[in-house]
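Here's run_12.tsv, which has TSV, C-alpha atoms and all ligand atoms:
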chain	number	residue	atom	x	y	z
A	1	MET	CA	79.85	-12.53	28.05
A	2	ARG	CA	82.60	-11.18	30.30
A	3	LYS	CA	81.48	-9.46	33.49
A	4	PRO	CA	83.02	-5.99	33.80
A	5	ILE	CA	85.40	-5.48	36.71
A	6	ILE	CA	86.20	-2.06	38.14
A	7	ALA	CA	89.05	-2.06	40.64
A	8	GLY	CA	90.37	0.86	42.63
A	9	ASN	CA	94.07	0.83	43.44
A	10	TRP	CA	94.49	3.20	46.35
A	11	LYS	CA	98.28	2.92	46.31
A	12	MET	CA	99.77	4.58	49.43
A	13	TYR	CA	96.88	6.93	50.11
A	14	LYS	CA	94.29	7.40	52.87
A	15	THR	CA	94.33	7.05	56.63
A	16	MET	CA	92.38	4.24	58.28
A	17	GLY	CA	89.59	6.68	59.10
A	18	GLU	CA	89.36	7.85	55.51
A	19	ALA	CA	89.37	4.26	54.25
A	20	LYS	CA	86.50	3.31	56.55
A	21	THR	CA	84.47	6.38	55.61
A	22	PHE	CA	84.90	5.48	51.94
A	23	VAL	CA	83.68	1.89	52.37
A	24	ASP	CA	80.78	3.06	54.53
A	25	GLU	CA	79.73	5.45	51.80
A	26	VAL	CA	79.94	3.12	48.82
A	27	LYS	CA	78.95	-0.29	50.12
A	28	GLY	CA	75.21	0.36	50.27
A	29	LYS	CA	75.16	1.97	46.86
A	30	LEU	CA	76.51	-0.94	44.84
A	31	SER	CA	74.10	-3.34	43.25
A	32	ALA	CA	75.22	-6.93	43.05
A	33	SER	CA	75.92	-9.04	39.99
A	34	ASP	CA	76.23	-6.74	36.94
A	35	VAL	CA	79.78	-5.66	37.65
A	36	ASP	CA	82.55	-6.69	40.02
A	37	ALA	CA	83.66	-3.79	42.21
A	38	VAL	CA	86.95	-4.10	44.05
A	39	ILE	CA	88.99	-1.81	46.29
A	40	CYS	CA	92.67	-2.63	46.71
A	41	SER	CA	93.73	-0.87	49.88
A	42	PRO	CA	96.99	-0.58	51.79
A	43	ALA	CA	97.70	-3.89	53.58
A	44	LEU	CA	97.19	-2.32	56.99
A	45	TYR	CA	93.48	-1.72	56.37
A	46	LEU	CA	92.56	-4.97	54.66
A	47	ALA	CA	91.21	-6.90	57.65
A	48	GLU	CA	88.99	-4.02	58.76
A	49	LEU	CA	87.67	-3.28	55.28
A	50	VAL	CA	86.92	-6.96	54.58
A	51	GLN	CA	84.75	-7.00	57.71
A	52	MET	CA	82.98	-3.80	56.71
A	53	ALA	CA	82.30	-5.01	53.17
A	54	LYS	CA	81.08	-8.45	54.21
A	55	GLY	CA	77.69	-9.27	52.69
A	56	THR	CA	77.93	-6.38	50.19
A	57	PRO	CA	78.93	-6.51	46.52
A	58	LEU	CA	82.25	-4.79	47.29
A	59	SER	CA	85.34	-7.01	47.25
A	60	ILE	CA	88.59	-6.11	48.94
A	61	GLY	CA	91.99	-6.74	47.41
A	62	ALA	CA	95.66	-6.30	48.29
A	63	GLN	CA	98.14	-4.34	46.20
A	64	THR	CA	100.94	-6.90	46.37
A	65	MET	CA	102.07	-9.92	48.36
A	66	HIS	CA	105.01	-12.27	48.81
A	67	ASP	CA	104.93	-15.61	47.01
A	68	LYS	CA	105.86	-17.70	50.08
A	69	GLU	CA	103.36	-18.84	52.68
A	70	GLU	CA	105.55	-17.77	55.59
A	71	GLY	CA	109.16	-17.16	56.45
A	72	ALA	CA	111.83	-14.70	57.50
A	73	PHE	CA	110.81	-11.91	55.11
A	74	THR	CA	110.61	-8.81	57.27
A	75	GLY	CA	107.79	-6.49	56.33
A	76	GLU	CA	106.12	-8.79	53.84
A	77	VAL	CA	102.56	-10.11	53.69
A	78	SER	CA	101.89	-13.69	52.55
A	79	PRO	CA	99.09	-15.17	50.46
A	80	THR	CA	98.10	-17.32	53.44
A	81	MET	CA	97.61	-14.20	55.54
A	82	LEU	CA	95.47	-12.54	52.88
A	83	THR	CA	93.20	-15.55	52.44
A	84	ASP	CA	92.95	-15.97	56.20
A	85	ILE	CA	91.43	-12.52	56.67
A	86	GLY	CA	89.05	-12.86	53.71
A	87	VAL	CA	90.85	-10.90	50.99
A	88	THR	CA	89.84	-12.17	47.53
A	89	TYR	CA	91.91	-10.17	45.02
A	90	VAL	CA	95.55	-9.19	44.76
A	91	ILE	CA	97.24	-6.84	42.29
A	92	LEU	CA	100.49	-8.41	41.06
A	93	GLY	CA	103.30	-6.90	39.04
A	94	HIS	CA	102.09	-3.31	39.13
A	95	SER	CA	104.59	-1.15	37.26
A	96	GLU	CA	105.35	0.75	40.47
A	97	ARG	CA	106.29	-2.55	42.13
A	98	ARG	CA	108.44	-3.44	39.14
A	99	GLN	CA	110.08	-0.01	39.06
A	100	TYR	CA	110.65	0.73	42.75
A	101	PHE	CA	110.66	-2.69	44.40
A	102	ASN	CA	112.59	-4.78	41.91
A	103	GLU	CA	109.75	-7.07	40.89
A	104	THR	CA	110.59	-9.02	37.78
A	105	ASP	CA	108.62	-11.15	35.34
A	106	GLU	CA	109.94	-14.17	37.26
A	107	SER	CA	108.85	-12.95	40.68
A	108	VAL	CA	105.48	-11.94	39.27
A	109	ASN	CA	105.08	-15.48	37.91
A	110	ALA	CA	105.86	-16.96	41.34
A	111	LYS	CA	103.25	-14.68	42.89
A	112	VAL	CA	100.61	-15.55	40.29
A	113	LYS	CA	101.16	-19.23	41.12
A	114	ALA	CA	100.89	-18.47	44.84
A	115	ALA	CA	97.68	-16.51	44.30
A	116	PHE	CA	95.98	-19.45	42.61
A	117	ALA	CA	97.29	-21.84	45.24
A	118	HIS	CA	95.49	-19.71	47.84
A	119	GLN	CA	92.23	-18.99	46.03
A	120	LEU	CA	93.12	-15.36	45.41
A	121	THR	CA	92.21	-13.74	42.11
A	122	PRO	CA	95.32	-12.08	40.71
A	123	ILE	CA	95.08	-8.81	38.80
A	124	VAL	CA	98.20	-9.20	36.71
A	125	CYS	CA	99.59	-5.89	35.48
A	126	VAL	CA	101.47	-5.46	32.23
A	127	GLY	CA	102.43	-2.37	30.27
A	128	GLU	CA	105.09	-0.68	28.23
A	129	THR	CA	107.25	2.38	28.93
A	130	LEU	CA	107.06	5.46	26.74
A	131	GLU	CA	110.42	4.49	25.23
A	132	GLU	CA	109.13	1.05	24.31
A	133	ARG	CA	105.98	2.52	22.81
A	134	GLU	CA	107.95	5.00	20.71
A	135	ALA	CA	110.24	2.21	19.52
A	136	GLY	CA	107.18	0.25	18.34
A	137	GLU	CA	107.76	-2.45	20.94
A	138	THR	CA	104.44	-2.23	22.79
A	139	VAL	CA	102.93	-5.49	21.58
A	140	SER	CA	106.10	-7.55	21.93
A	141	ARG	CA	106.81	-6.17	25.41
A	142	VAL	CA	103.30	-6.69	26.72
A	143	SER	CA	102.93	-10.15	25.13
A	144	ASP	CA	106.24	-11.17	26.66
A	145	GLN	CA	105.11	-10.00	30.12
A	146	VAL	CA	101.90	-12.01	29.76
A	147	LYS	CA	103.75	-15.11	28.62
A	148	LYS	CA	106.16	-14.92	31.54
A	149	ALA	CA	103.51	-14.12	34.16
A	150	PHE	CA	101.50	-17.19	33.13
A	151	GLN	CA	104.39	-19.62	32.76
A	152	ASN	CA	103.40	-23.05	34.12
A	153	ILE	CA	99.94	-21.85	35.14
A	154	GLU	CA	97.16	-24.27	34.19
A	155	GLY	CA	94.45	-22.98	31.88
A	156	THR	CA	91.82	-23.84	34.48
A	157	ASP	CA	93.45	-21.25	36.76
A	158	ALA	CA	94.50	-18.73	34.11
A	159	VAL	CA	90.92	-18.28	32.93
A	160	ASN	CA	90.08	-16.84	36.36
A	161	ALA	CA	92.85	-14.24	36.32
A	162	VAL	CA	92.31	-10.60	35.51
A	163	ILE	CA	94.92	-8.89	33.35
A	164	ALA	CA	95.40	-5.13	33.66
A	165	TYR	CA	96.97	-3.37	30.71
A	166	GLU	CA	98.54	-0.24	32.13
A	167	PRO	CA	100.81	1.72	29.80
A	168	ILE	CA	103.37	3.18	32.23
A	169	TRP	CA	103.36	6.58	30.53
A	170	ALA	CA	99.62	6.89	31.19
A	171	ILE	CA	99.75	6.25	34.94
A	172	GLY	CA	99.07	9.32	37.04
A	173	THR	CA	100.00	11.59	34.16
A	174	GLY	CA	96.57	12.55	32.92
A	175	LYS	CA	97.54	11.01	29.57
A	176	THR	CA	95.23	8.18	28.60
A	177	ALA	CA	95.84	5.84	25.73
A	178	THR	CA	93.09	6.44	23.19
A	179	ALA	CA	90.31	3.92	23.62
A	180	ASP	CA	91.16	2.44	20.22
A	181	ASP	CA	94.84	2.11	21.12
A	182	ALA	CA	94.05	0.51	24.46
A	183	ASN	CA	91.60	-1.85	22.78
A	184	GLU	CA	94.19	-2.85	20.20
A	185	VAL	CA	96.74	-3.77	22.87
A	186	CYS	CA	94.10	-5.62	24.92
A	187	LYS	CA	93.25	-7.57	21.76
A	188	GLU	CA	96.92	-8.53	21.42
A	189	ILE	CA	96.96	-9.61	25.07
A	190	ARG	CA	94.00	-11.85	24.30
A	191	SER	CA	95.91	-13.31	21.36
A	192	ALA	CA	98.89	-13.97	23.64
A	193	ILE	CA	96.56	-15.86	25.99
A	194	ALA	CA	95.10	-17.80	23.05
A	195	ALA	CA	98.61	-18.79	22.01
A	196	LEU	CA	99.44	-19.94	25.54
A	197	TYR	CA	96.13	-21.76	26.10
A	198	ASP	CA	93.24	-21.71	23.64
A	199	ARG	CA	90.66	-19.40	22.13
A	200	GLU	CA	88.00	-20.25	24.69
A	201	ILE	CA	90.19	-19.21	27.60
A	202	ALA	CA	91.29	-16.10	25.72
A	203	ASP	CA	87.66	-15.16	25.11
A	204	SER	CA	86.78	-15.67	28.78
A	205	ILE	CA	89.65	-13.94	30.56
A	206	ARG	CA	88.97	-10.38	31.65
A	207	ILE	CA	91.28	-7.58	30.61
A	208	GLN	CA	91.22	-4.16	32.24
A	209	TYR	CA	92.72	-0.92	31.05
A	210	GLY	CA	94.48	1.31	33.57
A	211	GLY	CA	96.12	4.73	33.34
A	212	SER	CA	94.32	8.00	34.10
A	213	VAL	CA	90.87	6.42	33.92
A	214	LYS	CA	88.17	8.72	35.25
A	215	PRO	CA	84.38	9.06	35.03
A	216	GLU	CA	84.81	11.25	31.93
A	217	ASN	CA	86.64	8.65	29.84
A	218	ILE	CA	85.55	5.28	31.21
A	219	VAL	CA	82.40	4.91	29.12
A	220	GLU	CA	84.30	5.08	25.86
A	221	LEU	CA	87.00	2.71	27.14
A	222	LEU	CA	84.44	0.13	28.29
A	223	SER	CA	82.58	0.34	24.99
A	224	LYS	CA	85.55	-1.33	23.29
A	225	GLU	CA	85.37	-5.02	22.53
A	226	HIS	CA	88.47	-6.16	24.39
A	227	ILE	CA	88.32	-3.84	27.43
A	228	ASP	CA	86.40	-5.51	30.25
A	229	GLY	CA	87.02	-3.08	33.05
A	230	ALA	CA	89.44	-0.64	34.58
A	231	LEU	CA	92.16	-0.51	37.20
A	232	VAL	CA	91.94	2.98	38.59
A	233	GLY	CA	94.32	4.94	40.80
A	234	GLY	CA	93.54	8.61	41.49
A	235	ALA	CA	89.88	8.55	40.46
A	236	SER	CA	89.12	5.65	42.82
A	237	LEU	CA	89.95	7.63	45.95
A	238	ASP	CA	86.72	9.61	46.03
A	239	PRO	CA	83.52	7.63	46.76
A	240	ALA	CA	81.35	9.52	44.28
A	241	SER	CA	83.93	9.11	41.54
A	242	PHE	CA	84.39	5.39	42.27
A	243	LEU	CA	80.61	4.87	42.18
A	244	LYS	CA	80.42	6.59	38.80
A	245	LEU	CA	83.15	4.32	37.47
A	246	VAL	CA	81.28	1.24	38.70
A	247	GLU	CA	78.03	2.60	37.26
A	248	ALA	CA	79.70	2.82	33.84
A	249	GLY	CA	80.48	-0.89	34.18
A	250	VAL	CA	76.86	-1.69	35.03
A	251	HIS	CA	75.71	-0.11	31.77
A	252	GLU	CA	78.29	-1.93	29.70
B	301	LIG	P1	95.93	6.47	37.75
B	301	LIG	O1	94.49	6.06	37.51
B	301	LIG	O2	96.08	7.39	38.92
B	301	LIG	O3	96.59	6.94	36.50
B	301	LIG	O4	96.70	5.12	38.20
B	301	LIG	C1	96.61	4.01	37.40
B	301	LIG	C2	97.16	2.86	38.14
B	301	LIG	O5	98.35	2.73	38.30
B	301	LIG	C3	96.21	1.87	38.68
B	301	LIG	O6	96.87	0.74	39.12
Translate the structure of the given file into structure tokens.
Amino acid sequence: MRKPIIAGNWKMYKTMGEAKTFVDEVKGKLSASDVDAVICSPALYLAELVQMAKGTPLSIGAQTMHDKEEGAFTGEVSPTMLTDIGVTYVILGHSERRQYFNETDESVNAKVKAAFAHQLTPIVCVGETLEEREAGETVSRVSDQVKKAFQNIEGTDAVNAVIAYEPIWAIGTGKTATADDANEVCKEIRSAIAALYDREIADSIRIQYGGSVKPENIVELLSKEHIDGALVGGASLDPASFLKLVEAGVHE
């Protein structure tokens, strides 16, 4: 039985004050154990939010990181720094990072390795463009991204990763993949993991769907066999909306 995981990706939104108000509002309303609830905030707020969420079921994650422990990389945040302040999750290879910040399958792989080396749970994002979908390349593209992200990662680590399937055309557009479509691709991702490792690991790894998820569509998405949670942008910014999303996971 895979535990549902609902993660909010705040992207570059909220002031520090707004971030703190959000965590204050949600932390007491989450019940432990049935679902993992994560907020991935801008790096600047991580230390403060980790302190605020301490002892509550809410976990705090970063939205990206460098793969090196330290060095002359102006503006970057390292895995060592994240672990040091108590961050437990990190989103890696988000399509916006790939599109605007030149992240590649190779750099994502280096970061996934670094995450495991520092006891961080990576949320590894994969997804196809509209062009790729229309050309019938969704499964090959996404499987290839999975294969490359997990290159030279031991199965004992891989099983603890979270994979987020986010079709790029569905992000922030209001267009959601149908639940059946999303489930089908998540099933293929599971097969790609089975091919890389084995069936047991494939059956244990958690796969989220992301792309215009909101309280109105999450129940149907989570009802699908291969969808174990959601990575949510816009609808994770409001406390009431985030709580509804987590609640849908509890009832899964
Ligand atoms: P939206 O939920 O705003 O479409 O964003 C999805 C996303 O990119 C989450 O990482």
Per-residue nearest contacts of chain A to ligand LIG 301 (chain B) (7 Å; only C-alpha atoms and all ligand atoms) as a tab-separated table:
residue	atom	partner	partner_atom	distance
A:Asn9	CA	B:LIG301	O6	5.1
A:His94	CA	B:LIG301	O6	6.6
A:Glu166	CA	B:LIG301	O5	6.9
A:Ala170	CA	B:LIG301	O3	6.1
A:Ile171	CA	B:LIG301	O3	3.6
A:Gly172	CA	B:LIG301	O3	3.5
A:Thr173	CA	B:LIG301	O3	6.2
A:Gly174	CA	B:LIG301	O3	6.7
A:Gly210	CA	B:LIG301	C1	5.1
A:Gly211	CA	B:LIG301	O3	3.9
A:Ser212	CA	B:LIG301	O3	3.5
A:Val213	CA	B:LIG301	O1	5.1
A:Leu231	CA	B:LIG301	C3	4.9
A:Val232	CA	B:LIG301	O1	4.1
A:Gly233	CA	B:LIG301	O1	3.5
A:Gly234	CA	B:LIG301	O2	3.8
A:Ala235	CA	B:LIG301	O1	6.0
For this session: Select, from A:Ala110, A:Ile60, A:Ala248, A:Met12, the residue with the minimum atom-to-atom distance to A:Leu221, counting only C-alpha atoms.
Result: A:Ala248
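Atom CA of A:Thr138 to atom CA of A:Tyr197 spans 21.5 Å [interatomic distance, one decimal].
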Give the padded box for stretch 57-62 of chain A as JSON: axis-aligned, covering all atoms listed in the file, 5 Å on each side, centre and edge lengths in Å to one decimal.
{"center_x": 87.3, "center_y": -5.9, "center_z": 47.7, "size_x": 26.7, "size_y": 12.2, "size_z": 12.4}
For this session: Tell me, as a ChimeraX atom specification, which residues lie within 8 Å of stretch 151-158 of chain A, counting all atoms listed in the file; anything in the same chain fewer than 2 positions away does not count.
Result: /A:109,113,116,147-149,160-161,197,201,205
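Of the residues listed (A:Arg97, A:His118, A:Lys20, A:Lys54), A:His118 shows the shortest atom-to-atom separation from A:Met81; distances use only C-alpha atoms.
Shell of A:Ala7 at 10 Å, with only C-alpha atoms counted and residues fewer than 6 places along the chain excluded, is Asp36, Ala37, Val38, Ile39, Cys40, Leu58, Ser59, Ile60, Gly61, Tyr89, Ile91, Ile123, Ala164, Gln208, Gly210, Gly229, Ala230, Leu231, Val232, Gly233, Ser236, Phe242, Leu245 and Val246 of chain A.
Relative to atom CA of A:Glu96, atom CA of A:Lys11 is found at 9.4 Å.
What separates atom CA of A:Glu103 from atom CA of A:Thr80 is a distance of 20.0 Å.
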For this session: Counting all atoms listed in the file, figure out which residue out of A:Tyr165, A:Ala43, A:Ala72, A:Pro4 gets nearest to A:Val219.
Result: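 The shortest atom-to-atom distance to A:Val219 comes from A:Pro4.
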Would you list the contacts of A:Gly75 as an mmCIF file with C-alpha atoms, keeping the file's coordinate frame, taking every protein, DNA or RNA residue within 12 Å and counting only C-alpha atoms, but skipping same-chain residues closer than 4 positions in sequence?
data_model
loop_
_atom_site.group_PDB
_atom_site.id
_atom_site.type_symbol
_atom_site.label_atom_id
_atom_site.label_comp_id
_atom_site.auth_asym_id
_atom_site.auth_seq_id
_atom_site.Cartn_x
_atom_site.Cartn_y
_atom_site.Cartn_z
ATOM 1 C CA ALA A 43 97.700 -3.890 53.580
ATOM 2 C CA LEU A 44 97.190 -2.320 56.990
ATOM 3 C CA MET A 65 102.070 -9.920 48.360
ATOM 4 C CA HIS A 66 105.010 -12.270 48.810
ATOM 5 C CA GLU A 70 105.550 -17.770 55.590
ATOM 6 C CA GLY A 71 109.160 -17.160 56.450
#
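Of the residues listed (A:Asp144, A:Asp181, A:Glu247, A:Glu76), A:Asp181 shows the shortest atom-to-atom separation from A:Glu225; distances use all atoms listed in the file.
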For this session: Using all atoms listed in the file, determine which residues lie at most 9 Å from A:Ala179, disregarding the query and same-chain residues fewer than 4 positions distant; provide the list as a list in words.
Result: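 Near neighbours after the sequence-gap exclusion: Asn183, Glu184, Asn217, Glu220, Leu221, Leu222, Ser223, Lys224 and Ile227 of chain A.
Of the residues under consideration (A:Val139, A:Val146, A:Ala115, A:Ala47), A:Val139 shows the shortest atom-to-atom contact distance to A:Glu188 when counting all atoms listed in the file.
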Exercise. With only C-alpha atoms as the atoms that count, which of A:Val108, A:Val159, A:Val23, A:Ile168 lies nearest to A:Glu132?
Worked result: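 Going through A:Val108, A:Val159, A:Val23, A:Ile168 one by one, the smallest distance to A:Glu132 is for A:Ile168.
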For this session: For a cut-off of 8 Å around (83.3, -13.3, 30.1), file coordinates, pick out all residues using only C-alpha atoms and list them as a ChimeraX atom specification.
Result: /A:1-3,203-206
